[in-house]
Amino acid sequence: MPSFKIDTSTAVVFVATPPTPKLVSKQTGEIAIDRETGAPLATVGLLVADEGEGNLYQVTVPNTGVPENLAPGTPVTVVGLRARDWENTFNGQTRHGISFRAVAVTPLGA
């Protein structure tokens, strides 16, 4: 599926929720792995405010792109943010949405 670049150059971005491991399965606790790098994946909640509007996004990032002690309220820059639509069917019910992925989340001034 194609993905689309998201320009955050004019946005103010803050950490809303700290990084947590992205799980393949909640039952097994298996952590998702980046297919390209082999790095474990994490999910970070980001508040992105731009042009008078703020939105909360759950962004998947390789652990190598997330510094330790990334705390809520920290202003950050987001490197390589992309969006991709998805759809799946489970037990006869179709779900769809947009997933967000970034190369790195870096505290401002780092």
# chains A, B, ... in the order shown; residues from 1 in each chain; ligands from 1
$ residues_around --residues "region 5-9 of chain A" --least-positions-apart "2" --cutoff "7 Å" --atoms "only C-alpha atoms" --output "mmCIF file with C-alpha atoms, in the first residue's frame"
data_model
loop_
_atom_site.group_PDB
_atom_site.id
_atom_site.type_symbol
_atom_site.label_atom_id
_atom_site.label_comp_id
_atom_site.auth_asym_id
_atom_site.auth_seq_id
_atom_site.Cartn_x
_atom_site.Cartn_y
_atom_site.Cartn_z
ATOM 1 C CA SER A 3 2.145 5.838 2.114
ATOM 2 C CA ALA A 11 3.600 22.238 13.500
ATOM 3 C CA LEU A 81 6.515 10.861 9.416
ATOM 4 C CA ARG A 82 4.287 8.969 6.970
ATOM 5 C CA ALA A 83 0.611 7.949 6.909
#
$ residues_around --residues "Trp86 (chain A)" --least-positions-apart "4" --cutoff "9 Å" --atoms "only C-alpha atoms" --output "PDB file with all heavy atoms, in the first residue's frame"
ATOM      1  N   MET A   1       0.838  -1.177   0.000  1.00  0.00           N
ATOM      2  CA  MET A   1       0.000   0.000   0.000  1.00  0.00           C
ATOM      3  C   MET A   1       0.883   1.241   0.000  1.00  0.00           C
ATOM      4  O   MET A   1       1.907   1.275   0.669  1.00  0.00           O
ATOM      5  CB  MET A   1      -0.885   0.039   1.239  1.00  0.00           C
ATOM      6  CG  MET A   1      -1.947  -0.987   1.296  1.00  0.00           C
ATOM      7  SD  MET A   1      -3.195  -0.451   2.466  1.00  0.00           S
ATOM      8  CE  MET A   1      -4.609  -0.999   1.591  1.00  0.00           C
ATOM      9  N   ARG A  95     -12.688  -3.550   9.369  1.00  0.00           N
ATOM     10  CA  ARG A  95     -12.221  -2.343  10.057  1.00  0.00           C
ATOM     11  C   ARG A  95     -11.254  -1.621   9.139  1.00  0.00           C
ATOM     12  O   ARG A  95     -10.581  -2.239   8.326  1.00  0.00           O
ATOM     13  CB  ARG A  95     -11.527  -2.724  11.357  1.00  0.00           C
ATOM     14  CG  ARG A  95     -12.455  -3.411  12.336  1.00  0.00           C
ATOM     15  CD  ARG A  95     -11.746  -3.832  13.585  1.00  0.00           C
ATOM     16  NE  ARG A  95     -10.932  -2.751  14.105  1.00  0.00           N
ATOM     17  CZ  ARG A  95     -10.010  -2.883  15.047  1.00  0.00           C
ATOM     18  NH1 ARG A  95      -9.778  -4.050  15.563  1.00  0.00           N
ATOM     19  NH2 ARG A  95      -9.320  -1.865  15.460  1.00  0.00           N
ATOM     20  N   HIS A  96     -11.163  -0.317   9.304  1.00  0.00           N
ATOM     21  CA  HIS A  96     -10.213   0.451   8.501  1.00  0.00           C
ATOM     22  C   HIS A  96      -9.760   1.673   9.284  1.00  0.00           C
ATOM     23  O   HIS A  96     -10.389   2.071  10.272  1.00  0.00           O
ATOM     24  CB  HIS A  96     -10.841   0.861   7.158  1.00  0.00           C
ATOM     25  CG  HIS A  96     -12.117   1.627   7.316  1.00  0.00           C
ATOM     26  ND1 HIS A  96     -12.156   2.981   7.471  1.00  0.00           N
ATOM     27  CD2 HIS A  96     -13.394   1.196   7.378  1.00  0.00           C
ATOM     28  CE1 HIS A  96     -13.408   3.372   7.596  1.00  0.00           C
ATOM     29  NE2 HIS A  96     -14.187   2.295   7.550  1.00  0.00           N
ATOM     30  N   GLY A  97      -8.655   2.252   8.854  1.00  0.00           N
ATOM     31  CA  GLY A  97      -8.129   3.429   9.532  1.00  0.00           C
ATOM     32  C   GLY A  97      -6.879   3.916   8.852  1.00  0.00           C
ATOM     33  O   GLY A  97      -6.561   3.533   7.722  1.00  0.00           O
ATOM     34  N   ILE A  98      -6.150   4.757   9.565  1.00  0.00           N
ATOM     35  CA  ILE A  98      -4.889   5.309   9.075  1.00  0.00           C
ATOM     36  C   ILE A  98      -3.826   5.000  10.124  1.00  0.00           C
ATOM     37  O   ILE A  98      -4.035   5.242  11.318  1.00  0.00           O
ATOM     38  CB  ILE A  98      -4.979   6.824   8.845  1.00  0.00           C
ATOM     39  CG1 ILE A  98      -6.044   7.120   7.797  1.00  0.00           C
ATOM     40  CG2 ILE A  98      -3.629   7.390   8.421  1.00  0.00           C
ATOM     41  CD1 ILE A  98      -6.339   8.592   7.609  1.00  0.00           C
ATOM     42  N   SER A  99      -2.695   4.458   9.688  1.00  0.00           N
ATOM     43  CA  SER A  99      -1.580   4.211  10.604  1.00  0.00           C
ATOM     44  C   SER A  99      -0.486   5.235  10.326  1.00  0.00           C
ATOM     45  O   SER A  99      -0.340   5.713   9.206  1.00  0.00           O
ATOM     46  CB  SER A  99      -1.048   2.787  10.454  1.00  0.00           C
ATOM     47  OG  SER A  99      -0.534   2.579   9.170  1.00  0.00           O
TER      48      SER A  99
END
$ residues_around --residues "Phe14 (chain A)" --least-positions-apart "3" --cutoff "7 Å" --atoms "only C-alpha atoms" --output "VMD selection string"
chain A and resid 46 to 48 73 to 76
$ atom_distance --atom1 "CA of Thr60 (chain A)" --atom2 "CA of Leu41 (chain A)"
6.6 Å
$ closest_residue --among "A:Gln27, A:Thr43, A:Asn88, A:Thr64" --to "Phe100 (chain A)" --atoms "only C-alpha atoms"
A:Thr43
$ residues_around --residues "Ala42 (chain A)" --least-positions-apart "2" --cutoff "10 Å" --atoms "only C-alpha atoms" --output "PDB file with C-alpha atoms, in the first residue's frame"
ATOM      1  CA  PRO A  18       5.460   7.773  26.484  1.00  0.00           C
ATOM      2  CA  PRO A  19       6.794   5.057  24.167  1.00  0.00           C
ATOM      3  CA  THR A  20       5.443   1.571  24.757  1.00  0.00           C
ATOM      4  CA  PRO A  21       6.368  -1.632  22.935  1.00  0.00           C
ATOM      5  CA  LYS A  22       4.203  -2.297  19.874  1.00  0.00           C
ATOM      6  CA  LEU A  23       2.757  -5.778  20.298  1.00  0.00           C
ATOM      7  CA  ILE A  31       6.849  -7.356  20.307  1.00  0.00           C
ATOM      8  CA  ALA A  32       6.550  -6.232  16.684  1.00  0.00           C
ATOM      9  CA  ILE A  33       9.798  -6.004  14.713  1.00  0.00           C
ATOM     10  CA  ASP A  34      10.703  -3.585  11.911  1.00  0.00           C
ATOM     11  CA  ALA A  39      14.662  -3.290  15.458  1.00  0.00           C
ATOM     12  CA  PRO A  40      11.816  -3.717  17.941  1.00  0.00           C
ATOM     13  CA  VAL A  44       4.433   6.969  20.914  1.00  0.00           C
ATOM     14  CA  GLN A  58      -0.302   7.071  17.790  1.00  0.00           C
ATOM     15  CA  VAL A  59       2.970   6.807  15.837  1.00  0.00           C
ATOM     16  CA  THR A  60       5.012   3.637  15.370  1.00  0.00           C
ATOM     17  CA  VAL A  61       8.780   4.178  15.594  1.00  0.00           C
ATOM     18  CA  PRO A  62      11.720   1.754  15.704  1.00  0.00           C
ATOM     19  CA  ASN A  63      13.275   1.657  19.201  1.00  0.00           C
ATOM     20  CA  THR A  64      16.495   2.949  17.640  1.00  0.00           C
ATOM     21  CA  GLY A  65      14.646   6.200  16.835  1.00  0.00           C
ATOM     22  CA  VAL A  66      13.239   6.788  20.316  1.00  0.00           C
TER      23      VAL A  66
END
$ atom_distance --atom1 "CA of Tyr57 (chain A)" --atom2 "CA of Glu87 (chain A)"
17.9 Å
$ select_by_dssp --residues "region 14-91 of chain A" --states "strand (DSSP E)" --output "count of residues only"
41
$ residues_around --residues "Val78 (chain A)" --least-positions-apart "2" --cutoff "9 Å" --atoms "only C-alpha atoms" --output "VMD selection string"
chain A and resid 8 13 76 80 to 81 102 to 107
$ write_last_selection --atoms "all heavy atoms" --output "short mmCIF file (atom, residue, chain, number, x, y, z; two decimals), in the first residue's frame"
data_model
loop_
_atom_site.label_atom_id
_atom_site.label_comp_id
_atom_site.auth_asym_id
_atom_site.auth_seq_id
_atom_site.Cartn_x
_atom_site.Cartn_y
_atom_site.Cartn_z
N THR A 8 5.59 18.23 9.02
CA THR A 8 5.37 18.81 10.35
C THR A 8 6.24 20.04 10.57
O THR A 8 6.39 20.49 11.70
CB THR A 8 5.65 17.77 11.46
OG1 THR A 8 6.99 17.31 11.33
CG2 THR A 8 4.69 16.61 11.40
N VAL A 13 4.89 19.98 18.03
CA VAL A 13 4.64 18.57 18.36
C VAL A 13 5.15 18.28 19.78
O VAL A 13 6.29 18.63 20.11
CB VAL A 13 5.35 17.63 17.34
CG1 VAL A 13 5.02 16.18 17.65
CG2 VAL A 13 4.98 18.00 15.91
N VAL A 76 9.04 17.86 20.61
CA VAL A 76 9.86 16.98 19.78
C VAL A 76 9.78 17.39 18.31
O VAL A 76 8.89 18.11 17.90
CB VAL A 76 9.43 15.50 19.92
CG1 VAL A 76 9.70 14.97 21.31
CG2 VAL A 76 7.98 15.31 19.53
N GLY A 80 10.71 11.81 9.27
CA GLY A 80 10.16 10.82 8.34
C GLY A 80 8.76 10.35 8.64
O GLY A 80 8.45 9.18 8.46
N LEU A 81 7.89 11.25 9.09
CA LEU A 81 6.51 10.86 9.42
C LEU A 81 5.73 10.57 8.14
O LEU A 81 5.73 11.35 7.19
CB LEU A 81 5.82 11.97 10.21
CG LEU A 81 4.40 11.68 10.69
CD1 LEU A 81 4.36 10.46 11.61
CD2 LEU A 81 3.83 12.90 11.40
N ALA A 102 7.09 6.70 11.79
CA ALA A 102 8.18 7.67 11.71
C ALA A 102 9.51 6.95 11.86
O ALA A 102 9.58 5.85 12.41
CB ALA A 102 8.04 8.74 12.80
N VAL A 103 10.55 7.58 11.37
CA VAL A 103 11.90 7.04 11.50
C VAL A 103 12.42 7.32 12.91
O VAL A 103 13.06 6.47 13.52
CB VAL A 103 12.83 7.69 10.45
CG1 VAL A 103 14.28 7.28 10.66
CG2 VAL A 103 12.37 7.32 9.05
N ALA A 104 12.12 8.53 13.43
CA ALA A 104 12.61 8.91 14.75
C ALA A 104 11.75 10.02 15.36
O ALA A 104 11.12 10.79 14.63
CB ALA A 104 14.06 9.37 14.69
N VAL A 105 11.75 10.08 16.69
CA VAL A 105 11.16 11.17 17.45
C VAL A 105 12.28 11.70 18.32
O VAL A 105 12.84 10.98 19.15
CB VAL A 105 9.98 10.67 18.30
CG1 VAL A 105 9.44 11.78 19.17
CG2 VAL A 105 8.88 10.09 17.42
N THR A 106 12.62 12.99 18.12
CA THR A 106 13.78 13.57 18.79
C THR A 106 13.38 14.79 19.61
O THR A 106 12.70 15.68 19.07
CB THR A 106 14.83 14.00 17.73
OG1 THR A 106 15.07 12.91 16.86
CG2 THR A 106 16.12 14.44 18.38
N PRO A 107 13.79 14.87 20.88
CA PRO A 107 13.49 16.07 21.67
C PRO A 107 14.10 17.31 21.00
O PRO A 107 15.20 17.24 20.45
CB PRO A 107 14.16 15.80 23.01
CG PRO A 107 14.31 14.32 23.08
CD PRO A 107 14.50 13.86 21.67
#
$ closest_residue --among "A:Pro67, A:Glu51, A:Pro72, A:Gly29" --to "Val15 (chain A)" --atoms "only C-alpha atoms"
A:Pro72
